[in-house]
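A.B. asks: A single structure is presented below for examination.
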Amino acid sequence: MDLRTHYDVLGVEPAASPEQLERAYRFCLDLYGEGSLAMYSLLEPEETREARERVEEAYWVVRDPARRRAYDATLGLERPQPPTLPVDPFAGCAPGAVELAEPVTGPALRRFREQKGIGLREISLRSKVGVRYLEYIEQERHALLPPPVYLRGFLQEYARALGLEPRRTADAYMALLPPQS
Amino acid sequence: MTAVAPLPDTAPRRQIWSLGGGKGGIGKSLLTGSLGWQLARMGKRVVLVDADLGGANLHTCLGLPAPTLTMGDFIRRRVETIEEVAQETGCPGLRLISGASDFLSAANIKHQQKVRVLNRIRALDVDIVLIDLGAGTSFNILDFFLISDVGMLAVVPEPTSIENSYRFIKSALYRRLRELAPTEGVREIVDGALDQKNPWGIRTPLDLLAAVEREAPGQSDALKEAIANFNPRFVVNQVRGPADIAIGHQLVTACTRHLGIRATYAGFVDYDDTVWQCVRQRRLFMAAFPHCRAAEKVSRLARALLQNDGLVPPHR
C-alpha cells in the first residue's frame, strides 16, 4: 500500500488529536516491533525495520504542533492555530546569537561546533534532532537529508543549540544545497 | 438456562459461515461449537457442519456421542436428503452434520459431489450454516471458505498460527483470483504468485495486481473487485492478556497495509481453564458455565458477527 502521508503511516485521520496520535504511534511500534507476532512471515526483518523507522519519522513530525502545522501546510491542510501568547521573534536564541563568519557549509558548522567543544550527542539532546541527522548535516550527505521542510527545522534547532542565529543559519545552509536534494 | 433476547434480524437470508485458519489444534472445533450454540440461543436456526479432515470431533465438543449418520452417507447416497444426516444436539435450534473423516480430502470428493453438497447445504432450511473447516489449505477447504458469506480465521498468539493464517489468506484469495483470471496469461501470473520464487517477484496480492497491470494492462479490474470483496474475519483464540488481544488489530492493519486486503477483527476468546476442564468432561463450556470469561467473549463474538461488526483499535 502506498503510505503517502505521515497520517497514513500512523493509520489515523489528519484531524487526529495528540492522544490519538500517541496511541497510534504506540500501536505501530508494537506492530513493527522486534519479534512482532503479527508481522511474522509477512515481512522480512529488514522491511519491518524500515517500517518502524517510517513510523518514528512520522510521529516525530506530527507530535510537535509547529512541525505538524508546517507539515499540514505542505499537504494543503488548514488547521486552526491554537491560541498562543505573543512571541518574541528572538525567543530561543541565546543572547548575542552570532552568525558564522564563513559560508554556512557542513564542515564549517562542524568546525564551529568543535571549537565550542560541544558534542553531537549533546546537541541532539538539546535540539531533539537525531545524532544521525546531525551527522548528515555536517557531512553534507544530501541524499540522506530529510525534505527541505524538515531540514530547515533541523538546521534551526542545530543552530540554536550552538548559539547561532537559527533562521539565517538555516537559510544560508540551504542556499548552498544543490537543487532537488 | 437463562433466556437471551433475540437480536433484530440483520441477516434476511440464509448465510453460510465458516471457520478455518490453517493450523490444527487451536480450538477451531470448540469455537465453532460454542459459536453455533450461542447463535441458537440468540434465536437463530443453526446447522453446524463438521468438515474437519483429520479428526471430525465437533460432536465431542458438544458432548454428543459419535453420530450414526455422517456427511459421508449423504455423499455416497446412502441417504436421500442432507436433512437426514443432521442430528439434533439437545440445544433447541442447533443441529449438527458430522463430517466423514474423508469429507473434504481432495482424493475422495469429486467436483460434482462437492457442488451437490454445496447446493444442498445452501438449501437447508436454517438461518446460519456454520462450517468447521478444520486445519489445512486444501482446495476443498478453500472452496468452502470462499463460498461463505462470513469467512472466519481462527488464530492463536503463536508464530506458527500467524504464519498459517497468512498462508491461508493468500491461498484462498489466489484461488478466487485464478477463477476470475480473464486470460491464460493472467492465470499464469496468479498461479506463479503462490511460488515464492516466481519470476515476477510477487509476494503479496498487491504485487500480484501490479504484475498483472504490467504484463496485461487493463485486465486487473475483476481481480481488484475480488480482492475488495475478500473480507476475512479474525478470531483470536486463547488470549492471555492485552498484548494478545491487540494482535487481532495488528493483523487487520497488516492485511490492509501489506496485503491490500480488508480484514475485520471479529473478536477474541480468553484462554480459560474452565474450557479445557469442560472438554475433559465432554461438556460444552457454553452450556456448563455460561458466565465464564470465554463464554462471555463467544457471546460478544456472535453479536459482532450478526451485526457485521468488528472490534476497533483504541486509536480510532
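In the C-alpha cells, chains take the letters A, B, ... in the order shown, each chain's residues start at 1, and ligands count up from 1 in the order shown.
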Write out as a list in words which residues come within 9 Å of range 9-13 of chain A when counting only C-alpha atoms, dropping same-chain ones fewer than 4 positions away.

C.D. replies: Leu3, Arg4, Thr5, Gln20, Leu21, Ala24, Tyr25, Phe27, Cys28, Ala51, Arg54, Val55, Ala58 and Tyr59 of chain A; Thr253, His315 and Arg316 of chain B

A.B. asks: Could you save the residues just selected, with C-alpha atoms, as a tab-separated table (two decimals), in the first residue's frame?

C.D. replies:
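Listing of part.tsv after writing:
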```tsv
chain	number	residue	atom	x	y	z
A	3	LEU	CA	1.53	5.12	2.54
A	4	ARG	CA	1.91	8.66	1.45
A	5	THR	CA	1.36	10.87	4.44
A	20	GLN	CA	-4.93	9.55	19.21
A	21	LEU	CA	-1.58	10.17	17.56
A	24	ALA	CA	-1.50	5.13	17.10
A	25	TYR	CA	2.25	5.57	17.44
A	27	PHE	CA	0.21	0.66	18.23
A	28	CYS	CA	2.55	0.91	15.23
A	51	ALA	CA	8.50	0.36	8.54
A	54	ARG	CA	8.95	5.37	8.90
A	55	VAL	CA	6.69	5.35	11.95
A	58	ALA	CA	6.03	10.29	11.04
A	59	TYR	CA	5.49	10.65	14.75
B	253	THR	CA	-3.66	-3.44	9.93
B	315	HIS	CA	-6.61	4.92	18.46
B	316	ARG	CA	-9.57	5.05	16.08
```

A.B. asks: Excluding same-chain residues fewer than 3 positions from Pro148 in chain A, what lies within 9 Å of it counting only C-alpha atoms, as a ChimeraX atom specification?

C.D. replies: /A:145,151-153,174,181

A.B. asks: Mind listing as a list of chain:residue names which residues of chain B are within 8 Å of chain A, counting only C-alpha atoms?

C.D. replies: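 Going by the stated atoms only, the list reads B:Pro157, B:Glu158, B:Pro159, B:Ile162, B:Glu163, B:Tyr166, B:Leu206, B:Ile247, B:Gln250, B:Leu251, B:Ala254, B:Thr256, B:Arg257, B:His258, B:Leu259, B:Gly260, B:Pro314, B:His315, B:Arg316.
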
A.B. asks: Ranking B:Ala86, B:Val212, B:Leu130, B:Ala226 by minimum distance to Tyr174 in chain B and counting only C-alpha atoms, which one comes first?

C.D. replies: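 Selected residue with least distance to Tyr174 in chain B: B:Ala226.
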
A.B. asks: Find the residues around range 15-29 of chain B up to 8 Å (only C-alpha atoms counted), leave out those fewer than 4 positions away in its own chain, and share them as a PDB file with C-alpha atoms, in the first residue's frame.

C.D. replies:
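Below you can see around_15.pdb, which holds the result:
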```pdb
ATOM      1  CA  ALA B  11     -29.479 -11.413   8.156  1.00  0.00           C
ATOM      2  CA  GLY B  33     -19.447 -25.469  18.521  1.00  0.00           C
ATOM      3  CA  ASN B  57     -14.948 -34.325  16.532  1.00  0.00           C
ATOM      4  CA  LEU B  58     -17.373 -31.472  16.736  1.00  0.00           C
ATOM      5  CA  CYS B  61     -17.052 -30.732  21.721  1.00  0.00           C
ATOM      6  CA  ARG B 122     -27.344 -23.802   0.699  1.00  0.00           C
ATOM      7  CA  ASP B 127     -30.669 -19.184   9.249  1.00  0.00           C
ATOM      8  CA  ILE B 128     -26.991 -19.973   9.519  1.00  0.00           C
ATOM      9  CA  VAL B 129     -24.877 -22.870   8.303  1.00  0.00           C
ATOM     10  CA  LEU B 130     -21.680 -22.830  10.323  1.00  0.00           C
ATOM     11  CA  ILE B 131     -18.846 -24.904   8.894  1.00  0.00           C
ATOM     12  CA  ASP B 132     -15.827 -26.084  10.850  1.00  0.00           C
ATOM     13  CA  LEU B 133     -13.206 -26.244   8.120  1.00  0.00           C
ATOM     14  CA  GLY B 134     -10.539 -27.933  10.156  1.00  0.00           C
ATOM     15  CA  ALA B 135      -6.838 -27.492   9.512  1.00  0.00           C
ATOM     16  CA  GLY B 136      -5.071 -27.111   6.210  1.00  0.00           C
ATOM     17  CA  THR B 137      -5.381 -25.240   2.948  1.00  0.00           C
ATOM     18  CA  PHE B 144     -15.927 -23.842   1.294  1.00  0.00           C
ATOM     19  CA  PHE B 145     -14.265 -20.773   2.759  1.00  0.00           C
ATOM     20  CA  ILE B 147     -18.436 -19.606  -0.860  1.00  0.00           C
ATOM     21  CA  SER B 148     -19.064 -18.432   2.693  1.00  0.00           C
ATOM     22  CA  ASP B 149     -20.815 -15.172   3.434  1.00  0.00           C
ATOM     23  CA  VAL B 150     -18.687 -14.905   6.549  1.00  0.00           C
ATOM     24  CA  GLY B 151     -15.228 -16.463   6.404  1.00  0.00           C
ATOM     25  CA  MET B 152     -13.525 -16.591   9.778  1.00  0.00           C
ATOM     26  CA  LEU B 153      -9.914 -17.357  10.557  1.00  0.00           C
ATOM     27  CA  ALA B 154      -9.029 -18.604  13.984  1.00  0.00           C
ATOM     28  CA  VAL B 155      -5.564 -17.698  15.206  1.00  0.00           C
ATOM     29  CA  VAL B 156      -3.758 -18.144  18.492  1.00  0.00           C
ATOM     30  CA  THR B 160       3.068 -20.876  13.638  1.00  0.00           C
ATOM     31  CA  SER B 161      -0.587 -19.940  13.751  1.00  0.00           C
ATOM     32  CA  ASN B 164      -0.539 -20.423   8.669  1.00  0.00           C
ATOM     33  CA  SER B 165      -3.293 -17.838   8.654  1.00  0.00           C
ATOM     34  CA  ARG B 167      -0.819 -18.652   4.060  1.00  0.00           C
ATOM     35  CA  PHE B 168      -4.496 -19.498   4.272  1.00  0.00           C
ATOM     36  CA  ASN B 237      -8.367 -17.603  20.486  1.00  0.00           C
TER      37      ASN B 237
END
```
